[in-house]
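Novice: File follows, entry-v3.csv with CSV, C-alpha atoms and all ligand atoms:
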chain,number,residue,atom,x,y,z
N,297,MET,CA,3.0,40.8,-27.3
N,298,ILE,CA,4.3,37.6,-26.0
N,299,THR,CA,7.9,37.0,-27.0
N,300,ARG,CA,9.1,33.6,-28.3
N,301,ALA,CA,11.1,33.2,-25.0
N,302,TRP,CA,8.0,33.6,-22.9
N,303,ARG,CA,6.0,31.2,-25.1
N,304,THR,CA,8.8,28.7,-24.6
N,305,TRP,CA,8.8,29.3,-20.8
N,306,ILE,CA,5.0,29.0,-20.6
N,307,GLY,CA,5.1,25.9,-22.6
N,308,ARG,CA,7.7,24.4,-20.3
N,309,VAL,CA,5.7,25.3,-17.2
N,310,LEU,CA,2.5,23.7,-18.6
N,311,GLY,CA,4.4,20.7,-19.7
N,312,VAL,CA,6.0,20.1,-16.3
N,313,ALA,CA,2.6,20.7,-14.6
N,314,CYS,CA,0.8,18.3,-16.9
N,315,ALA,CA,3.5,15.6,-16.4
N,316,LEU,CA,3.4,16.2,-12.6
N,317,ALA,CA,-0.4,15.9,-12.6
N,318,VAL,CA,-0.4,12.7,-14.6
N,319,LEU,CA,2.4,11.3,-12.5
N,320,LEU,CA,0.7,12.1,-9.2
N,321,ALA,CA,-2.6,10.8,-10.4
N,322,ALA,CA,-1.1,7.5,-11.6
N,323,PRO,CA,-1.7,5.5,-8.3
N,324,ALA,CA,-5.5,6.1,-8.6
N,325,ALA,CA,-5.5,5.2,-12.3
N,326,ARG,CA,-3.8,1.9,-11.7
N,327,ALA,CA,-6.5,0.7,-9.3
N,328,ALA,CA,-9.5,-1.1,-10.9
N,329,GLY,CA,-11.9,1.1,-8.9
N,330,PRO,CA,-12.8,2.1,-5.4
N,331,ILE,CA,-12.4,-0.4,-2.6
N,332,VAL,CA,-15.8,-1.5,-1.3
N,333,LEU,CA,-16.4,-3.6,1.8
N,334,ASP,CA,-18.6,-6.3,0.3
N,335,GLY,CA,-16.8,-9.6,0.6
N,336,GLU,CA,-15.7,-9.3,-3.1
N,337,PHE,CA,-12.0,-9.0,-3.8
N,338,GLY,CA,-11.6,-7.8,-7.4
N,339,ASP,CA,-11.2,-4.3,-6.0
N,340,TRP,CA,-7.9,-5.3,-4.5
N,341,SER,CA,-6.3,-5.9,-7.8
N,342,GLY,CA,-3.3,-3.7,-8.2
N,343,ARG,CA,-3.2,-2.6,-4.6
N,344,SER,CA,-0.1,-2.5,-2.4
N,345,PHE,CA,0.6,-5.5,-0.3
N,346,ILE,CA,3.3,-7.5,1.5
N,347,SER,CA,3.3,-11.2,1.1
N,348,ASP,CA,4.1,-13.7,3.8
N,349,PRO,CA,5.5,-17.3,3.3
N,350,GLN,CA,3.4,-20.4,3.5
N,351,GLY,CA,4.2,-22.9,6.3
N,352,ASP,CA,5.6,-20.4,8.8
N,353,ALA,CA,2.8,-20.5,11.4
N,354,SER,CA,3.6,-21.9,14.8
N,355,LYS,CA,1.6,-25.1,14.2
N,356,SER,CA,2.0,-27.4,11.2
N,357,ASN,CA,-1.7,-27.9,10.6
N,358,GLY,CA,-1.8,-24.8,8.3
N,359,GLN,CA,-4.2,-22.8,10.6
N,360,GLY,CA,-3.5,-19.1,11.0
N,361,ASP,CA,-0.9,-19.0,8.2
N,362,ILE,CA,-1.0,-15.5,6.8
N,363,ARG,CA,-0.4,-15.1,3.0
N,364,ALA,CA,-0.6,-11.3,2.5
N,365,LEU,CA,-1.6,-8.0,4.0
N,366,TYR,CA,-3.0,-5.5,1.5
N,367,TRP,CA,-3.8,-1.8,2.0
N,368,GLY,CA,-5.3,1.0,0.0
N,369,THR,CA,-7.4,4.2,0.0
N,370,ASN,CA,-10.2,5.7,-2.2
N,371,PRO,CA,-10.5,9.2,-3.7
N,372,ASN,CA,-11.9,11.8,-1.3
N,373,ASP,CA,-12.3,9.2,1.5
N,374,PRO,CA,-10.0,9.6,4.5
N,375,THR,CA,-10.2,5.8,5.3
N,376,LEU,CA,-7.5,3.2,5.3
N,377,TYR,CA,-8.8,-0.1,3.8
N,378,LEU,CA,-7.1,-3.3,4.6
N,379,MET,CA,-7.4,-6.9,3.4
N,380,LEU,CA,-5.8,-10.0,5.0
N,381,GLU,CA,-5.3,-13.2,3.1
N,382,LYS,CA,-4.4,-16.6,4.6
N,383,TRP,CA,-3.2,-19.8,3.0
N,384,ASP,CA,-5.6,-22.3,4.6
N,385,GLU,CA,-9.3,-22.1,3.6
N,386,VAL,CA,-10.6,-23.7,6.8
N,387,ASN,CA,-12.2,-21.0,9.0
N,388,ARG,CA,-13.2,-23.0,12.1
N,389,PRO,CA,-12.2,-22.1,14.6
N,390,PRO,CA,-12.4,-18.4,13.6
N,391,ILE,CA,-9.1,-16.7,12.8
N,392,VAL,CA,-8.2,-13.7,15.0
N,393,TYR,CA,-6.0,-11.0,13.5
N,394,LEU,CA,-4.3,-8.2,15.4
N,395,VAL,CA,-3.2,-5.4,13.2
N,396,GLN,CA,-0.8,-3.0,15.0
N,397,PHE,CA,-0.1,0.6,14.0
N,398,ASP,CA,2.8,2.6,15.2
N,399,ILE,CA,1.2,5.9,14.8
N,400,ASN,CA,4.1,8.1,15.9
N,401,ASN,CA,6.5,5.8,14.0
N,402,ASN,CA,9.0,5.4,16.9
N,403,GLY,CA,9.3,1.7,16.9
N,404,ASP,CA,7.1,1.3,20.0
N,405,TYR,CA,3.6,-0.1,19.2
N,406,GLN,CA,2.3,-0.1,22.8
N,407,GLU,CA,1.8,3.6,23.5
N,408,ALA,CA,-1.6,5.2,24.0
N,409,VAL,CA,-1.1,7.2,20.8
N,410,ASP,CA,-0.7,3.9,18.8
N,411,ARG,CA,-3.7,1.9,17.6
N,412,GLN,CA,-4.6,-1.8,17.2
N,413,LEU,CA,-7.4,-3.5,15.3
N,414,VAL,CA,-8.7,-6.9,16.5
N,415,VAL,CA,-10.3,-8.7,13.5
N,416,ILE,CA,-12.3,-11.9,13.9
N,417,TYR,CA,-13.1,-13.7,10.6
N,418,THR,CA,-15.0,-16.9,10.2
N,419,SER,CA,-17.1,-18.3,7.3
N,420,ASN,CA,-18.8,-21.2,5.7
N,421,ALA,CA,-20.1,-21.9,2.2
N,422,GLN,CA,-23.1,-19.6,2.8
N,423,ARG,CA,-21.8,-16.6,4.7
N,424,SER,CA,-18.8,-14.8,6.2
N,425,SER,CA,-18.6,-12.9,9.4
N,426,VAL,CA,-16.1,-10.1,10.1
N,427,THR,CA,-16.0,-8.2,13.4
N,428,VAL,CA,-13.5,-5.4,14.0
N,429,SER,CA,-12.6,-3.6,17.3
N,430,LEU,CA,-10.3,-0.6,17.7
N,431,LEU,CA,-7.9,-0.4,20.7
N,432,ASN,CA,-5.1,1.9,21.5
N,433,GLY,CA,-1.6,0.7,21.6
N,434,ALA,CA,-1.8,0.1,25.4
N,435,GLY,CA,-4.7,-2.3,24.8
N,436,VAL,CA,-7.5,0.0,25.9
N,437,TYR,CA,-10.8,-0.7,24.0
N,438,LEU,CA,-11.9,2.4,22.0
N,439,LYS,CA,-14.9,1.3,19.8
N,440,THR,CA,-16.3,-1.4,17.6
N,441,LEU,CA,-15.8,-0.6,14.0
N,442,ALA,CA,-17.7,-3.6,12.5
N,443,LEU,CA,-19.9,-6.3,14.0
N,444,ASP,CA,-20.7,-9.5,12.1
N,445,GLU,CA,-20.3,-8.0,8.6
N,446,PRO,CA,-20.2,-10.2,5.5
N,447,TRP,CA,-16.8,-8.9,4.4
N,448,GLY,CA,-15.0,-12.2,3.9
N,449,ASP,CA,-14.8,-15.0,1.4
N,450,ALA,CA,-17.6,-17.5,1.9
N,451,THR,CA,-16.7,-20.6,-0.1
N,452,PRO,CA,-17.4,-24.3,0.2
N,453,GLY,CA,-13.9,-24.6,1.7
N,454,GLY,CA,-14.3,-21.7,4.1
N,455,GLY,CA,-12.5,-18.8,2.5
N,456,THR,CA,-9.1,-17.1,2.8
N,457,ARG,CA,-9.7,-13.3,2.5
N,458,CYS,CA,-11.4,-10.7,4.6
N,459,GLU,CA,-11.5,-6.9,4.1
N,460,PHE,CA,-12.2,-4.1,6.6
N,461,ALA,CA,-11.3,-0.4,7.2
N,462,VAL,CA,-10.5,2.2,9.8
N,463,SER,CA,-10.8,6.0,9.3
N,464,PHE,CA,-7.9,8.3,9.5
N,465,SER,CA,-9.6,10.1,12.5
N,466,ASP,CA,-9.9,6.8,14.4
N,467,LEU,CA,-6.2,6.1,13.7
N,468,GLY,CA,-5.4,9.7,14.7
N,469,ILE,CA,-3.5,10.5,11.5
N,470,VAL,CA,-3.5,13.1,8.8
N,471,PRO,CA,-3.2,12.3,5.1
N,472,HIS,CA,0.4,11.4,4.0
N,473,GLN,CA,1.5,10.7,7.6
N,474,ALA,CA,4.1,7.9,7.7
N,475,ILE,CA,3.1,5.1,10.0
N,476,THR,CA,4.3,1.5,10.4
N,477,MET,CA,2.0,-1.5,10.7
N,478,ARG,CA,2.2,-5.3,11.0
N,479,ALA,CA,-0.3,-8.1,11.5
N,480,PHE,CA,-0.5,-11.1,13.7
N,481,SER,CA,-2.8,-14.1,13.5
N,482,ASP,CA,-4.1,-16.7,15.9
N,483,GLN,CA,-6.3,-19.6,14.8
N,484,GLY,CA,-6.8,-22.4,17.3
N,485,GLY,CA,-3.4,-21.5,18.9
N,486,SER,CA,-1.5,-21.5,15.6
N,487,GLN,CA,0.1,-18.1,15.2
N,488,ASP,CA,1.8,-16.1,12.5
N,489,ALA,CA,3.0,-12.5,11.9
N,490,THR,CA,3.8,-10.3,8.9
N,491,ALA,CA,6.9,-8.2,8.5
N,492,PHE,CA,6.7,-4.5,9.4
N,493,VAL,CA,5.6,-2.2,6.6
N,494,GLN,CA,5.7,1.6,6.5
N,495,ILE,CA,2.9,3.3,4.7
N,496,SER,CA,1.7,6.9,4.2
N,497,PRO,CA,-2.1,6.7,3.7
N,498,ALA,CA,-3.6,9.5,1.5
N,499,ASN,CA,-6.6,9.7,-0.7
N,500,ALA,CA,-5.9,10.0,-4.4
N,501,LEU,CA,-8.0,13.1,-4.7
N,502,GLY,CA,-5.4,14.9,-2.7
N,503,TYR,CA,-2.9,14.2,-5.6
N,504,LEU,CA,-5.5,15.2,-8.2
N,505,LEU,CA,-6.2,18.4,-6.5
N,506,LEU,CA,-2.5,19.1,-6.2
N,507,GLY,CA,-2.0,18.5,-9.9
N,508,ALA,CA,-5.0,20.7,-10.7
N,509,ALA,CA,-3.6,23.4,-8.4
N,510,VAL,CA,-0.3,23.3,-10.2
N,511,LEU,CA,-2.0,23.5,-13.6
N,512,ALA,CA,-4.2,26.4,-12.4
N,513,ALA,CA,-1.2,28.3,-11.1
N,514,ALA,CA,0.7,27.8,-14.3
N,515,TRP,CA,-2.3,29.0,-16.3
N,516,HIS,CA,-2.8,32.0,-14.0
N,517,MET,CA,0.9,33.0,-14.4
N,518,ALA,CA,0.6,32.6,-18.2
N,519,GLN,CA,-2.5,34.8,-18.3
N,520,ARG,CA,-0.9,37.5,-16.1
N,521,ARG,CA,2.1,37.6,-18.4
N,522,ARG,CA,-0.2,38.0,-21.5
N,523,VAL,CA,-1.7,41.1,-19.9
N,524,THR,CA,1.5,42.7,-18.7
N,525,VAL,CA,3.9,41.9,-21.6
S,601,CA,CA,-14.4,-5.6,-1.8
S,602,CA,CA,2.6,-17.2,6.7
S,603,CA,CA,4.6,4.4,18.9
Would you encode the structure as structure tokens?
Ligand SMILES: [Ca+2]
Ligand SMILES: [Ca+2]
Ligand SMILES: [Ca+2]

Specialist:
Amino acid sequence: MITRAWRTWIGRVLGVACALAVLLAAPAARAAGPIVLDGEFGDWSGRSFISDPQGDASKSNGQGDIRALYWGTNPNDPTLYLMLEKWDEVNRPPIVYLVQFDINNNGDYQEAVDRQLVVIYTSNAQRSSVTVSLLNGAGVYLKTLALDEPWGDATPGGGTRCEFAVSFSDLGIVPHQAITMRAFSDQGGSQDATAFVQISPANALGYLLLGAAVLAAAWHMAQRRRVTV
């Protein structure tokens, strides 16, 4: 027979486990849905980002002026999704972004272990074009990740946003690994840069599985106690 003390203990364990599972699953619940590389940007609502001021590019014509850098992951998908937004709609000449990742998080972005993405975004009213190349921190080309994909805004004014992605394996990271990143821009010689931001990319399913594992362990302990008491 299970005593009142044990019922209380089991109840507490299950309560904590449920609270932990809900807490850890919360980041996935807040997002509208999975991020899709499609040139539509509703999927970035609620995602993490750093903003960047208007008017701080090196030229006063507004070109290359970064507005925000967003990042996010999808459940069961070891991929880091990124979105860059600029203030000025005009996309000619194309804007070139350099996103640098300090993979070993030591303050040096130029080592072979580090990674860089070169992103070229241009658009008009009919179509956008996004091309992404992967380099190591020393500037050695590794591979092309995207070639002329329609992953940006295409509006009569040109567009301000483009989205792209890089896999954890191409970055050389494991889930939850702390890395630092920053983005630079150059459009017609007008340049801008974001602040540094430290992130720990992980897919949400990892959290859900952890919560489920805690619940399963609590249930198993409770069942064992039922048999032995
Ligand atoms: Ca999208
Ligand atoms: Ca800016
Ligand atoms: Ca480094």

Novice: So, with only C-alpha atoms and all ligand atoms as the atoms that count, which of N:Ala489, N:Val462, N:Val332, N:Ala498 lies closest to ligand CA 602 (chain S)?

Specialist: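 Between N:Ala489, N:Val462, N:Val332, N:Ala498, the residue approaching ligand CA 602 (chain S) most closely is N:Ala489.
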
Novice: Atom CA of N:Ser341 and atom CA of ligand CA 601 (chain S) are how many Å apart?

Specialist: 10.1 Å

Novice: Pick the closest to N:Asp410 from N:Tyr437, N:Phe397, N:Phe464, N:Phe480: which is it, counting only C-alpha atoms?

Specialist: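 Closest to N:Asp410, using only C-alpha atoms: N:Phe397.
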
Novice: Using only C-alpha atoms and all ligand atoms, which residues of the polymer chains come no farther than 6 Å from ligand CA 603 (chain S)? I'd like the answer as a ChimeraX atom specification.

Specialist: /N:398-405,407,410

Novice: Grab the atom CA of N:Thr418 to atom CA of N:Lys355 distance for me, in Å with one decimal place.

Specialist: 18.9 Å

Novice: So which residues touch stretch 423-429 of chain N within 9 Å, counting all atoms listed in the file, skipping near sequence neighbours fewer than 2 positions away, as JSON, numbers by chain?

Specialist: {"N": [335, 412, 413, 414, 415, 416, 417, 418, 419, 420, 421, 431, 437, 438, 439, 440, 441, 442, 443, 444, 445, 446, 447, 448, 449, 450, 451, 454, 455, 458, 459, 460, 461]}

Novice: Could the residues of chain N that have an atom at most 7 Å from ligand CA 601 (chain S) be listed as CSV, each with its closest atom pair and the distance in Å to one decimal, counting all atoms listed in the file and ordered by chain and ascending residue number?

Specialist:
residue,atom,partner,partner_atom,distance
N:Ile331,CA,S:CA601,CA,5.6
N:Val332,CA,S:CA601,CA,4.4
N:Leu333,CA,S:CA601,CA,4.6
N:Asp334,CA,S:CA601,CA,4.7
N:Gly335,CA,S:CA601,CA,5.2
N:Glu336,CA,S:CA601,CA,4.1
N:Phe337,CA,S:CA601,CA,4.6
N:Gly338,CA,S:CA601,CA,6.6
N:Asp339,CA,S:CA601,CA,5.4
N:Glu459,CA,S:CA601,CA,6.7

Novice: Counting all atoms listed in the file, name the residues that have an atom within 8 Å of an atom of ligand CA 602 (chain S); the answer should be given as a CSV table (one decimal) with C-alpha atoms, in the frame of the given file.

Specialist:
chain,number,residue,atom,x,y,z
N,348,ASP,CA,4.1,-13.7,3.8
N,349,PRO,CA,5.5,-17.3,3.3
N,350,GLN,CA,3.4,-20.4,3.5
N,351,GLY,CA,4.2,-22.9,6.3
N,352,ASP,CA,5.6,-20.4,8.8
N,353,ALA,CA,2.8,-20.5,11.4
N,360,GLY,CA,-3.5,-19.1,11.0
N,361,ASP,CA,-0.9,-19.0,8.2
N,362,ILE,CA,-1.0,-15.5,6.8
N,363,ARG,CA,-0.4,-15.1,3.0
N,364,ALA,CA,-0.6,-11.3,2.5
N,382,LYS,CA,-4.4,-16.6,4.6
N,383,TRP,CA,-3.2,-19.8,3.0
N,488,ASP,CA,1.8,-16.1,12.5
N,489,ALA,CA,3.0,-12.5,11.9
N,490,THR,CA,3.8,-10.3,8.9

Novice: Take atom CA of N:Gly329 and atom CA of N:Glu381 and report the distance between them in Å, one decimal.

Specialist: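 Taking atom CA of N:Gly329 as the start and atom CA of N:Glu381 as the end point, the length is 19.8 Å.
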
Novice: Can you pull out every residue within 8 Å of N:Gln406, counting only C-alpha atoms, but drop anything in the same chain fewer than 6 positions away, and send it as a count of residues only?

Specialist: 4

Novice: With distances taken over all atoms listed in the file, which residue among N:Trp340, N:Phe345, N:Trp367, N:Tyr377 lies nearest N:Ser463?

Specialist: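 Smallest distance to N:Ser463 is found for N:Tyr377.
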
Novice: Using all atoms listed in the file, can you tell me which of N:Pro390, N:Asn370, N:Gln473, N:Ser347 comes closest to N:Ser486?

Specialist: N:Pro390

Novice: May I have the residues within 7 Å of N:Asp384 as a list in words, using all atoms listed in the file and disregarding those fewer than 5 positions away in the same chain?

Specialist: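 My list of contacting residues is Gly358, Gln359, Asp361 and Thr456 of chain N.
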
Novice: Just checking: using all atoms listed in the file, which residue out of N:Pro330, N:Arg457, N:Ser465, N:Val493 ends up closest to N:Leu380?

Specialist: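 The closest residue to N:Leu380 is N:Arg457.
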
Novice: Measuring atom to atom with all atoms listed in the file, identify which of N:Val436, N:Ile346, N:Val470, N:Ile475 is nearest to N:Thr375.

Specialist: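 For N:Thr375, the nearest of the candidates is N:Val470.
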
Novice: Please reconstruct the missing atoms of stretch 468-496 of chain N (target: N, CA and C atoms) and return them as a CSV table (one decimal), keeping the file's coordinate frame.

Specialist:
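Wrote out20.csv, looks like this:
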chain,number,residue,atom,x,y,z
N,468,GLY,N,-6.0,8.5,14.2
N,468,GLY,CA,-5.4,9.7,14.7
N,468,GLY,C,-4.3,10.2,13.8
N,469,ILE,N,-4.5,10.1,12.5
N,469,ILE,CA,-3.5,10.5,11.5
N,469,ILE,C,-4.0,11.5,10.6
N,470,VAL,N,-3.1,12.2,9.9
N,470,VAL,CA,-3.5,13.1,8.8
N,470,VAL,C,-3.0,12.5,7.5
N,471,PRO,N,-3.6,12.9,6.4
N,471,PRO,CA,-3.2,12.3,5.1
N,471,PRO,C,-1.7,12.4,4.9
N,472,HIS,N,-1.0,11.4,4.3
N,472,HIS,CA,0.4,11.4,4.0
N,472,HIS,C,1.3,11.1,5.2
N,473,GLN,N,0.7,11.0,6.4
N,473,GLN,CA,1.5,10.7,7.6
N,473,GLN,C,2.1,9.3,7.5
N,474,ALA,N,3.4,9.2,7.8
N,474,ALA,CA,4.1,7.9,7.7
N,474,ALA,C,3.8,7.2,9.0
N,475,ILE,N,3.3,6.0,8.9
N,475,ILE,CA,3.1,5.1,10.0
N,475,ILE,C,3.6,3.7,9.7
N,476,THR,N,3.8,2.9,10.7
N,476,THR,CA,4.3,1.5,10.4
N,476,THR,C,3.2,0.6,10.9
N,477,MET,N,3.0,-0.5,10.2
N,477,MET,CA,2.0,-1.5,10.7
N,477,MET,C,2.6,-2.9,10.5
N,478,ARG,N,1.9,-3.8,11.2
N,478,ARG,CA,2.2,-5.3,11.0
N,478,ARG,C,1.0,-6.0,11.5
N,479,ALA,N,0.8,-7.3,11.1
N,479,ALA,CA,-0.3,-8.1,11.5
N,479,ALA,C,0.1,-9.4,12.1
N,480,PHE,N,-0.6,-9.8,13.1
N,480,PHE,CA,-0.5,-11.1,13.7
N,480,PHE,C,-1.7,-11.9,13.5
N,481,SER,N,-1.6,-13.2,13.6
N,481,SER,CA,-2.8,-14.1,13.5
N,481,SER,C,-2.8,-15.1,14.7
N,482,ASP,N,-4.0,-15.6,15.0
N,482,ASP,CA,-4.1,-16.7,15.9
N,482,ASP,C,-5.3,-17.5,15.5
N,483,GLN,N,-5.2,-18.7,15.1
N,483,GLN,CA,-6.3,-19.6,14.8
N,483,GLN,C,-6.1,-20.9,15.5
N,484,GLY,N,-6.9,-21.1,16.5
N,484,GLY,CA,-6.8,-22.4,17.3
N,484,GLY,C,-5.4,-22.6,17.9
N,485,GLY,N,-4.8,-21.4,18.3
N,485,GLY,CA,-3.4,-21.5,18.9
N,485,GLY,C,-2.3,-21.5,17.9
N,486,SER,N,-2.6,-21.6,16.6
N,486,SER,CA,-1.5,-21.5,15.6
N,486,SER,C,-1.3,-20.1,15.2
N,487,GLN,N,-0.1,-19.5,15.4
N,487,GLN,CA,0.1,-18.1,15.2
N,487,GLN,C,1.1,-17.8,14.1
N,488,ASP,N,0.9,-16.6,13.5
N,488,ASP,CA,1.8,-16.1,12.5
N,488,ASP,C,1.9,-14.6,12.6
N,489,ALA,N,2.8,-14.0,11.9
N,489,ALA,CA,3.0,-12.5,11.9
N,489,ALA,C,3.6,-12.1,10.6
N,490,THR,N,3.2,-10.9,10.1
N,490,THR,CA,3.8,-10.3,8.9
N,490,THR,C,5.1,-9.5,9.3
N,491,ALA,N,5.8,-9.1,8.3
N,491,ALA,CA,6.9,-8.2,8.5
N,491,ALA,C,6.3,-6.8,8.8
N,492,PHE,N,7.1,-5.9,9.2
N,492,PHE,CA,6.7,-4.5,9.4
N,492,PHE,C,6.6,-3.8,8.0
N,493,VAL,N,5.7,-2.9,7.9
N,493,VAL,CA,5.6,-2.2,6.6
N,493,VAL,C,5.3,-0.7,6.9
N,494,GLN,N,6.0,0.2,6.3
N,494,GLN,CA,5.7,1.6,6.5
N,494,GLN,C,4.8,2.1,5.4
N,495,ILE,N,3.8,2.8,5.7
N,495,ILE,CA,2.9,3.3,4.7
N,495,ILE,C,2.6,4.8,5.0
N,496,SER,N,2.1,5.5,4.0
N,496,SER,CA,1.7,6.9,4.2
N,496,SER,C,0.3,7.1,3.5
